[in-house]
Structures are given as C-alpha cells and as structure tokens.
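So this block is upload-v9.txt, compact mmCIF, N, CA and C atoms:
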# COMPACT_ATOMS: atom_id res chain seq x y z
N MET A 6 -10.60 -6.88 1.77
CA MET A 6 -9.98 -6.83 0.47
C MET A 6 -8.51 -7.24 0.62
N ARG A 7 -8.03 -7.95 -0.37
CA ARG A 7 -6.62 -8.37 -0.37
C ARG A 7 -5.69 -7.16 -0.45
N LEU A 8 -4.53 -7.29 0.15
CA LEU A 8 -3.54 -6.21 0.16
C LEU A 8 -3.13 -5.82 -1.25
N ASP A 9 -2.80 -6.79 -2.10
CA ASP A 9 -2.35 -6.46 -3.44
C ASP A 9 -3.43 -5.73 -4.24
N LYS A 10 -4.67 -6.12 -4.06
CA LYS A 10 -5.77 -5.45 -4.75
C LYS A 10 -5.98 -4.04 -4.21
N PHE A 11 -5.87 -3.86 -2.89
CA PHE A 11 -6.01 -2.53 -2.31
C PHE A 11 -4.94 -1.59 -2.83
N LEU A 12 -3.70 -2.06 -2.91
CA LEU A 12 -2.62 -1.21 -3.41
C LEU A 12 -2.89 -0.75 -4.83
N LYS A 13 -3.49 -1.62 -5.64
CA LYS A 13 -3.81 -1.28 -7.02
C LYS A 13 -5.02 -0.34 -7.07
N VAL A 14 -6.09 -0.66 -6.35
CA VAL A 14 -7.31 0.15 -6.37
C VAL A 14 -7.03 1.56 -5.83
N SER A 15 -6.20 1.67 -4.81
CA SER A 15 -5.88 2.97 -4.22
C SER A 15 -4.85 3.73 -5.05
N ARG A 16 -4.32 3.08 -6.06
CA ARG A 16 -3.34 3.64 -6.97
C ARG A 16 -2.02 4.00 -6.29
N LEU A 17 -1.71 3.30 -5.20
CA LEU A 17 -0.39 3.42 -4.60
C LEU A 17 0.63 2.68 -5.47
N VAL A 18 0.14 1.65 -6.19
CA VAL A 18 0.96 0.87 -7.13
C VAL A 18 0.16 0.76 -8.42
N LYS A 19 0.84 0.83 -9.56
CA LYS A 19 0.13 0.85 -10.84
C LYS A 19 -0.57 -0.46 -11.20
N ARG A 20 0.11 -1.59 -10.94
CA ARG A 20 -0.47 -2.88 -11.33
C ARG A 20 -0.48 -3.84 -10.16
N ARG A 21 -1.47 -4.72 -10.17
CA ARG A 21 -1.62 -5.69 -9.08
C ARG A 21 -0.45 -6.67 -9.04
N THR A 22 0.09 -7.03 -10.19
CA THR A 22 1.24 -7.95 -10.20
C THR A 22 2.45 -7.30 -9.54
N VAL A 23 2.64 -6.01 -9.76
CA VAL A 23 3.74 -5.29 -9.12
C VAL A 23 3.50 -5.24 -7.61
N ALA A 24 2.26 -5.02 -7.20
CA ALA A 24 1.92 -5.00 -5.78
C ALA A 24 2.22 -6.36 -5.14
N ALA A 25 1.87 -7.44 -5.84
CA ALA A 25 2.14 -8.79 -5.32
C ALA A 25 3.64 -9.04 -5.21
N GLU A 26 4.41 -8.57 -6.19
CA GLU A 26 5.87 -8.74 -6.15
C GLU A 26 6.48 -7.97 -4.98
N LEU A 27 5.98 -6.76 -4.72
CA LEU A 27 6.46 -5.98 -3.58
C LEU A 27 6.21 -6.73 -2.27
N CYS A 28 5.01 -7.30 -2.15
CA CYS A 28 4.66 -8.04 -0.94
C CYS A 28 5.54 -9.28 -0.79
N GLN A 29 5.70 -10.03 -1.85
CA GLN A 29 6.50 -11.25 -1.79
C GLN A 29 7.97 -10.96 -1.51
N GLY A 30 8.42 -9.78 -1.91
CA GLY A 30 9.80 -9.38 -1.65
C GLY A 30 10.02 -8.80 -0.27
N GLY A 31 8.95 -8.73 0.55
CA GLY A 31 9.08 -8.21 1.91
C GLY A 31 9.12 -6.70 1.98
N HIS A 32 8.63 -6.00 0.95
CA HIS A 32 8.68 -4.55 0.92
C HIS A 32 7.42 -3.87 1.46
N VAL A 33 6.43 -4.67 1.89
CA VAL A 33 5.18 -4.10 2.40
C VAL A 33 4.92 -4.66 3.80
N LYS A 34 4.59 -3.74 4.72
CA LYS A 34 4.26 -4.15 6.09
C LYS A 34 2.89 -3.61 6.46
N ILE A 35 2.14 -4.43 7.21
CA ILE A 35 0.86 -4.00 7.77
C ILE A 35 1.04 -3.97 9.28
N ASN A 36 0.85 -2.80 9.86
CA ASN A 36 1.00 -2.62 11.31
C ASN A 36 2.33 -3.16 11.82
N GLY A 37 3.40 -2.96 11.04
CA GLY A 37 4.73 -3.35 11.45
C GLY A 37 5.13 -4.77 11.11
N ASN A 38 4.22 -5.59 10.59
CA ASN A 38 4.52 -6.97 10.24
C ASN A 38 4.56 -7.15 8.73
N THR A 39 5.57 -7.87 8.24
CA THR A 39 5.68 -8.14 6.81
C THR A 39 4.42 -8.86 6.35
N ALA A 40 3.89 -8.41 5.21
CA ALA A 40 2.60 -8.92 4.76
C ALA A 40 2.70 -9.63 3.41
N LYS A 41 1.86 -10.64 3.25
CA LYS A 41 1.75 -11.36 1.99
C LYS A 41 0.67 -10.69 1.13
N PRO A 42 0.67 -10.95 -0.17
CA PRO A 42 -0.33 -10.32 -1.06
C PRO A 42 -1.77 -10.60 -0.67
N ALA A 43 -2.05 -11.75 -0.08
CA ALA A 43 -3.43 -12.13 0.25
C ALA A 43 -3.88 -11.63 1.62
N ALA A 44 -3.03 -10.89 2.33
CA ALA A 44 -3.40 -10.38 3.65
C ALA A 44 -4.61 -9.46 3.52
N GLU A 45 -5.52 -9.56 4.49
CA GLU A 45 -6.74 -8.74 4.47
C GLU A 45 -6.46 -7.35 5.04
N ILE A 46 -6.96 -6.35 4.36
CA ILE A 46 -6.81 -4.95 4.78
C ILE A 46 -8.09 -4.50 5.48
N LYS A 47 -7.92 -3.76 6.59
CA LYS A 47 -9.05 -3.22 7.33
C LYS A 47 -8.82 -1.72 7.54
N PRO A 48 -9.88 -0.96 7.75
CA PRO A 48 -9.69 0.46 8.07
C PRO A 48 -8.82 0.60 9.32
N ASP A 49 -8.04 1.65 9.37
CA ASP A 49 -7.11 1.99 10.45
C ASP A 49 -5.81 1.18 10.42
N ASP A 50 -5.62 0.30 9.44
CA ASP A 50 -4.34 -0.40 9.29
C ASP A 50 -3.28 0.60 8.83
N LEU A 51 -2.05 0.43 9.32
CA LEU A 51 -0.93 1.23 8.87
C LEU A 51 -0.12 0.41 7.87
N LEU A 52 0.09 0.96 6.69
CA LEU A 52 0.87 0.28 5.65
C LEU A 52 2.18 1.02 5.45
N GLN A 53 3.26 0.25 5.39
CA GLN A 53 4.57 0.80 5.04
C GLN A 53 4.99 0.11 3.75
N ILE A 54 5.28 0.91 2.72
CA ILE A 54 5.64 0.37 1.41
C ILE A 54 7.00 0.95 1.04
N ARG A 55 7.93 0.06 0.72
CA ARG A 55 9.27 0.49 0.33
C ARG A 55 9.42 0.38 -1.18
N PHE A 56 9.61 1.51 -1.83
CA PHE A 56 9.87 1.59 -3.27
C PHE A 56 11.33 1.96 -3.44
N GLY A 57 12.21 0.99 -3.61
CA GLY A 57 13.63 1.29 -3.75
C GLY A 57 14.16 1.93 -2.49
N ASN A 58 14.60 3.21 -2.58
CA ASN A 58 15.11 3.90 -1.40
C ASN A 58 14.08 4.87 -0.81
N ARG A 59 12.81 4.69 -1.17
CA ARG A 59 11.73 5.54 -0.66
C ARG A 59 10.80 4.71 0.21
N LEU A 60 10.42 5.25 1.36
CA LEU A 60 9.51 4.57 2.27
C LEU A 60 8.26 5.43 2.43
N VAL A 61 7.10 4.84 2.11
CA VAL A 61 5.83 5.54 2.20
C VAL A 61 4.99 4.87 3.29
N THR A 62 4.47 5.67 4.21
CA THR A 62 3.61 5.17 5.27
C THR A 62 2.23 5.80 5.11
N VAL A 63 1.21 4.94 5.03
CA VAL A 63 -0.17 5.42 4.88
C VAL A 63 -1.07 4.73 5.90
N LYS A 64 -2.16 5.40 6.23
CA LYS A 64 -3.19 4.81 7.09
C LYS A 64 -4.42 4.56 6.23
N VAL A 65 -4.94 3.35 6.29
CA VAL A 65 -6.12 2.99 5.50
C VAL A 65 -7.33 3.67 6.13
N VAL A 66 -8.07 4.44 5.34
CA VAL A 66 -9.26 5.14 5.82
C VAL A 66 -10.50 4.29 5.56
N GLN A 67 -10.59 3.76 4.35
CA GLN A 67 -11.74 2.90 4.02
C GLN A 67 -11.31 1.86 3.01
N VAL A 68 -12.00 0.75 3.03
CA VAL A 68 -11.74 -0.35 2.10
C VAL A 68 -12.96 -0.47 1.19
N PRO A 69 -12.78 -0.22 -0.11
CA PRO A 69 -13.93 -0.26 -1.02
C PRO A 69 -14.34 -1.70 -1.34
N GLU A 70 -15.58 -1.84 -1.78
CA GLU A 70 -16.08 -3.15 -2.20
C GLU A 70 -15.51 -3.54 -3.56
N LYS A 71 -15.27 -2.53 -4.41
CA LYS A 71 -14.76 -2.76 -5.76
C LYS A 71 -13.91 -1.57 -6.16
N ALA A 72 -13.46 -1.55 -7.39
CA ALA A 72 -12.62 -0.46 -7.88
C ALA A 72 -13.35 0.88 -7.78
N VAL A 73 -12.59 1.94 -7.56
CA VAL A 73 -13.16 3.28 -7.46
C VAL A 73 -12.56 4.17 -8.55
N PRO A 74 -13.25 5.24 -8.92
CA PRO A 74 -12.71 6.16 -9.92
C PRO A 74 -11.38 6.77 -9.44
N ALA A 75 -10.56 7.17 -10.37
CA ALA A 75 -9.24 7.72 -10.05
C ALA A 75 -9.34 8.94 -9.13
N GLN A 76 -10.39 9.74 -9.29
CA GLN A 76 -10.55 10.94 -8.47
C GLN A 76 -10.76 10.60 -7.00
N LEU A 77 -11.29 9.41 -6.71
CA LEU A 77 -11.57 9.01 -5.33
C LEU A 77 -10.49 8.11 -4.73
N ALA A 78 -9.51 7.71 -5.52
CA ALA A 78 -8.51 6.76 -5.05
C ALA A 78 -7.75 7.26 -3.83
N ASP A 79 -7.40 8.53 -3.80
CA ASP A 79 -6.63 9.03 -2.66
C ASP A 79 -7.47 9.27 -1.41
N THR A 80 -8.79 9.06 -1.49
CA THR A 80 -9.63 9.15 -0.30
C THR A 80 -9.63 7.84 0.49
N LEU A 81 -9.03 6.80 -0.07
CA LEU A 81 -8.99 5.49 0.60
C LEU A 81 -7.92 5.43 1.68
N TYR A 82 -6.98 6.37 1.66
CA TYR A 82 -5.88 6.35 2.62
C TYR A 82 -5.46 7.77 2.96
N THR A 83 -4.71 7.89 4.06
CA THR A 83 -4.10 9.15 4.46
C THR A 83 -2.60 8.97 4.45
N LEU A 84 -1.90 9.82 3.74
CA LEU A 84 -0.44 9.76 3.69
C LEU A 84 0.11 10.30 5.01
N LEU A 85 0.82 9.46 5.74
CA LEU A 85 1.38 9.87 7.03
C LEU A 85 2.82 10.34 6.89
N GLU A 86 3.59 9.62 6.06
CA GLU A 86 5.02 9.96 5.94
C GLU A 86 5.55 9.42 4.61
N GLU A 87 6.43 10.19 4.03
CA GLU A 87 7.15 9.75 2.83
C GLU A 87 8.58 10.22 2.98
N LYS A 88 9.51 9.28 3.05
CA LYS A 88 10.89 9.69 3.26
C LYS A 88 11.84 8.88 2.38
N THR A 89 12.99 9.46 2.16
CA THR A 89 14.04 8.80 1.38
C THR A 89 14.99 8.13 2.35
N LEU A 90 15.28 6.87 2.11
CA LEU A 90 16.18 6.11 2.97
C LEU A 90 17.62 6.33 2.52
N GLU A 91 18.51 6.33 3.48
CA GLU A 91 19.93 6.46 3.19
C GLU A 91 20.44 5.18 2.56
N SER A 92 21.27 5.32 1.56
CA SER A 92 21.87 4.11 0.97
C SER A 92 23.06 3.70 1.83
N SER A 93 23.25 2.41 1.99
CA SER A 93 24.32 1.92 2.87
C SER A 93 25.46 1.36 2.03
N LEU A 94 26.03 2.21 1.19
CA LEU A 94 27.15 1.79 0.35
C LEU A 94 28.46 2.08 1.01
Translate this structure into structure tokens?
Amino acid sequence: MRLDKFLKVSRLVKRRTVAAELCQGGHVKINGNTAKPAAEIKPDDLLQIRFGNRLVTVKVVQVPEKAVPAQLADTLYTLLEEKTLESSL
C-alpha cells in the first residue's frame, strides 16, 4: 500500500492530500529515509511523521488491503514515541 494511503487509512492524517503534502515536504521518513507519497509500506516499517513541532514515531503492524473501520484504525500501527521538538528561534 502507498504511504499516503496508509497514513489516511490508519487515521494518522485526516486526508490523503495532506499526507501527500507531508511526504513531499520531507516530513515523513520510513526506516530513517525520507519517503515519497508512493513509497510502499510493509509490516515492521518504522514511520517518523513531523507535524509542526511534534514528532510521532510508529511501527507498522499490518497493512490492510482496503480501508478499515475507524475502530480498527489504531490496530494498524503501534505508537512508539510522540515528542515535542524544541523550536530553534
């Protein structure tokens, strides 16, 4: 499954276009490497997503074939870390 679609299906990001913009802006990494929206996601991949001054790290548990109900969305990943980044002003 594409990275941008996974971010939307897992509800880490509300819309797929926002997920694609995050990827194109260099705010998403897969296993430490900057990823494009079309990058393929596999189980056990580590995703780092930067939302402004917040950094979220998750481990992909499973990749669904299609969209899943909202109640099951958080079963697709395990939250490893969520931290606030220091601003460098």
Would you place a box with edges along x, y and z of the file around all atoms of segment 75-91 of chain A listed there, add 8 Å to each of its six sides, and report the centre and edge lengths in Å to one decimal, as AutoDock Vina command-line options?
--center_x 4.4 --center_y 8.1 --center_z -1.7 --size_x 48.0 --size_y 21.8 --size_z 33.4
May I have a table of the residues of segment 46-93 of chain A lying at most 8 Å from segment 16-19 of chain A, giving each one's closest pair of atoms and their distance in Å to one decimal, counting only C-alpha atoms, ordered by chain and ascending residue number, as JSON lines?
{"residue": "A:Ala75", "atom": "CA", "partner": "A:Arg16", "partner_atom": "CA", "distance": 7.8}
{"residue": "A:Ala78", "atom": "CA", "partner": "A:Arg16", "partner_atom": "CA", "distance": 6.3}
{"residue": "A:Asp79", "atom": "CA", "partner": "A:Arg16", "partner_atom": "CA", "distance": 7.6}
Shell around Gly30 of chain A at 8 Å using all atoms listed in the file, local window under 4 positions removed, as a PyMOL selection string: chain A and resi 24-26+40-41
Let me see the file: selected residues, N, CA and C atoms, as a compact mmCIF listing (two decimals), in the coordinates of the input.
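Saved as again.txt:
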# COMPACT_ATOMS: atom_id res chain seq x y z
N ALA A 24 2.26 -5.02 -7.20
CA ALA A 24 1.92 -5.00 -5.78
C ALA A 24 2.22 -6.36 -5.14
N ALA A 25 1.87 -7.44 -5.84
CA ALA A 25 2.14 -8.79 -5.32
C ALA A 25 3.64 -9.04 -5.21
N GLU A 26 4.41 -8.57 -6.19
CA GLU A 26 5.87 -8.74 -6.15
C GLU A 26 6.48 -7.97 -4.98
N ALA A 40 3.89 -8.41 5.21
CA ALA A 40 2.60 -8.92 4.76
C ALA A 40 2.70 -9.63 3.41
N LYS A 41 1.86 -10.64 3.25
CA LYS A 41 1.75 -11.36 1.99
C LYS A 41 0.67 -10.69 1.13
Taking the DSSP secondary structure from the backbone, can you list the residues of chain A that are helix (DSSP H, G or I), as a short mmCIF file (atom, residue, chain, number, x, y, z; two decimals) with N, CA and C atoms, in the coordinates of the input?
data_model
loop_
_atom_site.label_atom_id
_atom_site.label_comp_id
_atom_site.auth_asym_id
_atom_site.auth_seq_id
_atom_site.Cartn_x
_atom_site.Cartn_y
_atom_site.Cartn_z
N LEU A 8 -4.53 -7.29 0.15
CA LEU A 8 -3.54 -6.21 0.16
C LEU A 8 -3.13 -5.82 -1.25
N ASP A 9 -2.80 -6.79 -2.10
CA ASP A 9 -2.35 -6.46 -3.44
C ASP A 9 -3.43 -5.73 -4.24
N LYS A 10 -4.67 -6.12 -4.06
CA LYS A 10 -5.77 -5.45 -4.75
C LYS A 10 -5.98 -4.04 -4.21
N PHE A 11 -5.87 -3.86 -2.89
CA PHE A 11 -6.01 -2.53 -2.31
C PHE A 11 -4.94 -1.59 -2.83
N LEU A 12 -3.70 -2.06 -2.91
CA LEU A 12 -2.62 -1.21 -3.41
C LEU A 12 -2.89 -0.75 -4.83
N LYS A 13 -3.49 -1.62 -5.64
CA LYS A 13 -3.81 -1.28 -7.02
C LYS A 13 -5.02 -0.34 -7.07
N VAL A 14 -6.09 -0.66 -6.35
CA VAL A 14 -7.31 0.15 -6.37
C VAL A 14 -7.03 1.56 -5.83
N ARG A 21 -1.47 -4.72 -10.17
CA ARG A 21 -1.62 -5.69 -9.08
C ARG A 21 -0.45 -6.67 -9.04
N THR A 22 0.09 -7.03 -10.19
CA THR A 22 1.24 -7.95 -10.20
C THR A 22 2.45 -7.30 -9.54
N VAL A 23 2.64 -6.01 -9.76
CA VAL A 23 3.74 -5.29 -9.12
C VAL A 23 3.50 -5.24 -7.61
N ALA A 24 2.26 -5.02 -7.20
CA ALA A 24 1.92 -5.00 -5.78
C ALA A 24 2.22 -6.36 -5.14
N ALA A 25 1.87 -7.44 -5.84
CA ALA A 25 2.14 -8.79 -5.32
C ALA A 25 3.64 -9.04 -5.21
N GLU A 26 4.41 -8.57 -6.19
CA GLU A 26 5.87 -8.74 -6.15
C GLU A 26 6.48 -7.97 -4.98
N LEU A 27 5.98 -6.76 -4.72
CA LEU A 27 6.46 -5.98 -3.58
C LEU A 27 6.21 -6.73 -2.27
N CYS A 28 5.01 -7.30 -2.15
CA CYS A 28 4.66 -8.04 -0.94
C CYS A 28 5.54 -9.28 -0.79
N GLN A 29 5.70 -10.03 -1.85
CA GLN A 29 6.50 -11.25 -1.79
C GLN A 29 7.97 -10.96 -1.51
N ALA A 75 -10.56 7.17 -10.37
CA ALA A 75 -9.24 7.72 -10.05
C ALA A 75 -9.34 8.94 -9.13
N GLN A 76 -10.39 9.74 -9.29
CA GLN A 76 -10.55 10.94 -8.47
C GLN A 76 -10.76 10.60 -7.00
N LEU A 77 -11.29 9.41 -6.71
CA LEU A 77 -11.57 9.01 -5.33
C LEU A 77 -10.49 8.11 -4.73
N ALA A 78 -9.51 7.71 -5.52
CA ALA A 78 -8.51 6.76 -5.05
C ALA A 78 -7.75 7.26 -3.83
N ASP A 79 -7.40 8.53 -3.80
CA ASP A 79 -6.63 9.03 -2.66
C ASP A 79 -7.47 9.27 -1.41
N THR A 80 -8.79 9.06 -1.49
CA THR A 80 -9.63 9.15 -0.30
C THR A 80 -9.63 7.84 0.49
#
For Arg59 of chain A, which of A:Leu90, A:Cys28, A:Leu85, A:Val14 is the closest residue, counting all atoms listed in the file? A:Leu90
Name the residues in contact with segment 46-58 of chain A at a cut-off of 8 Å, using all atoms listed in the file, excluding same-chain residues fewer than 3 positions from it; report them as an MDAnalysis selection string. chainID A and resid 6:9 11 27 31:38 43 61:68 88:92
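Here atom N of Glu87 of chain A and atom C of Glu70 of chain A stand 27.0 Å from one another.
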Using backbone DSSP assignments, extract all strand (DSSP E or B) residues from chain A; output them as number ranges by chain. A: 7, 33-35, 38-39, 45, 51-56, 59-65, 82-89
Ranking A:Glu86, A:Ala44, A:Ser15, A:Lys71 by minimum distance to Gln29 of chain A and counting only C-alpha atoms, which one comes first?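 With only C-alpha atoms as the atom set, the closest residue is A:Ala44.
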So what do you get for atom C of Leu77 of chain A versus atom N of Arg20 of chain A, distance-wise? 15.7 Å
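With atom N of Pro69 of chain A on one side and atom N of Leu81 of chain A on the other, the separation reads 8.0 Å.
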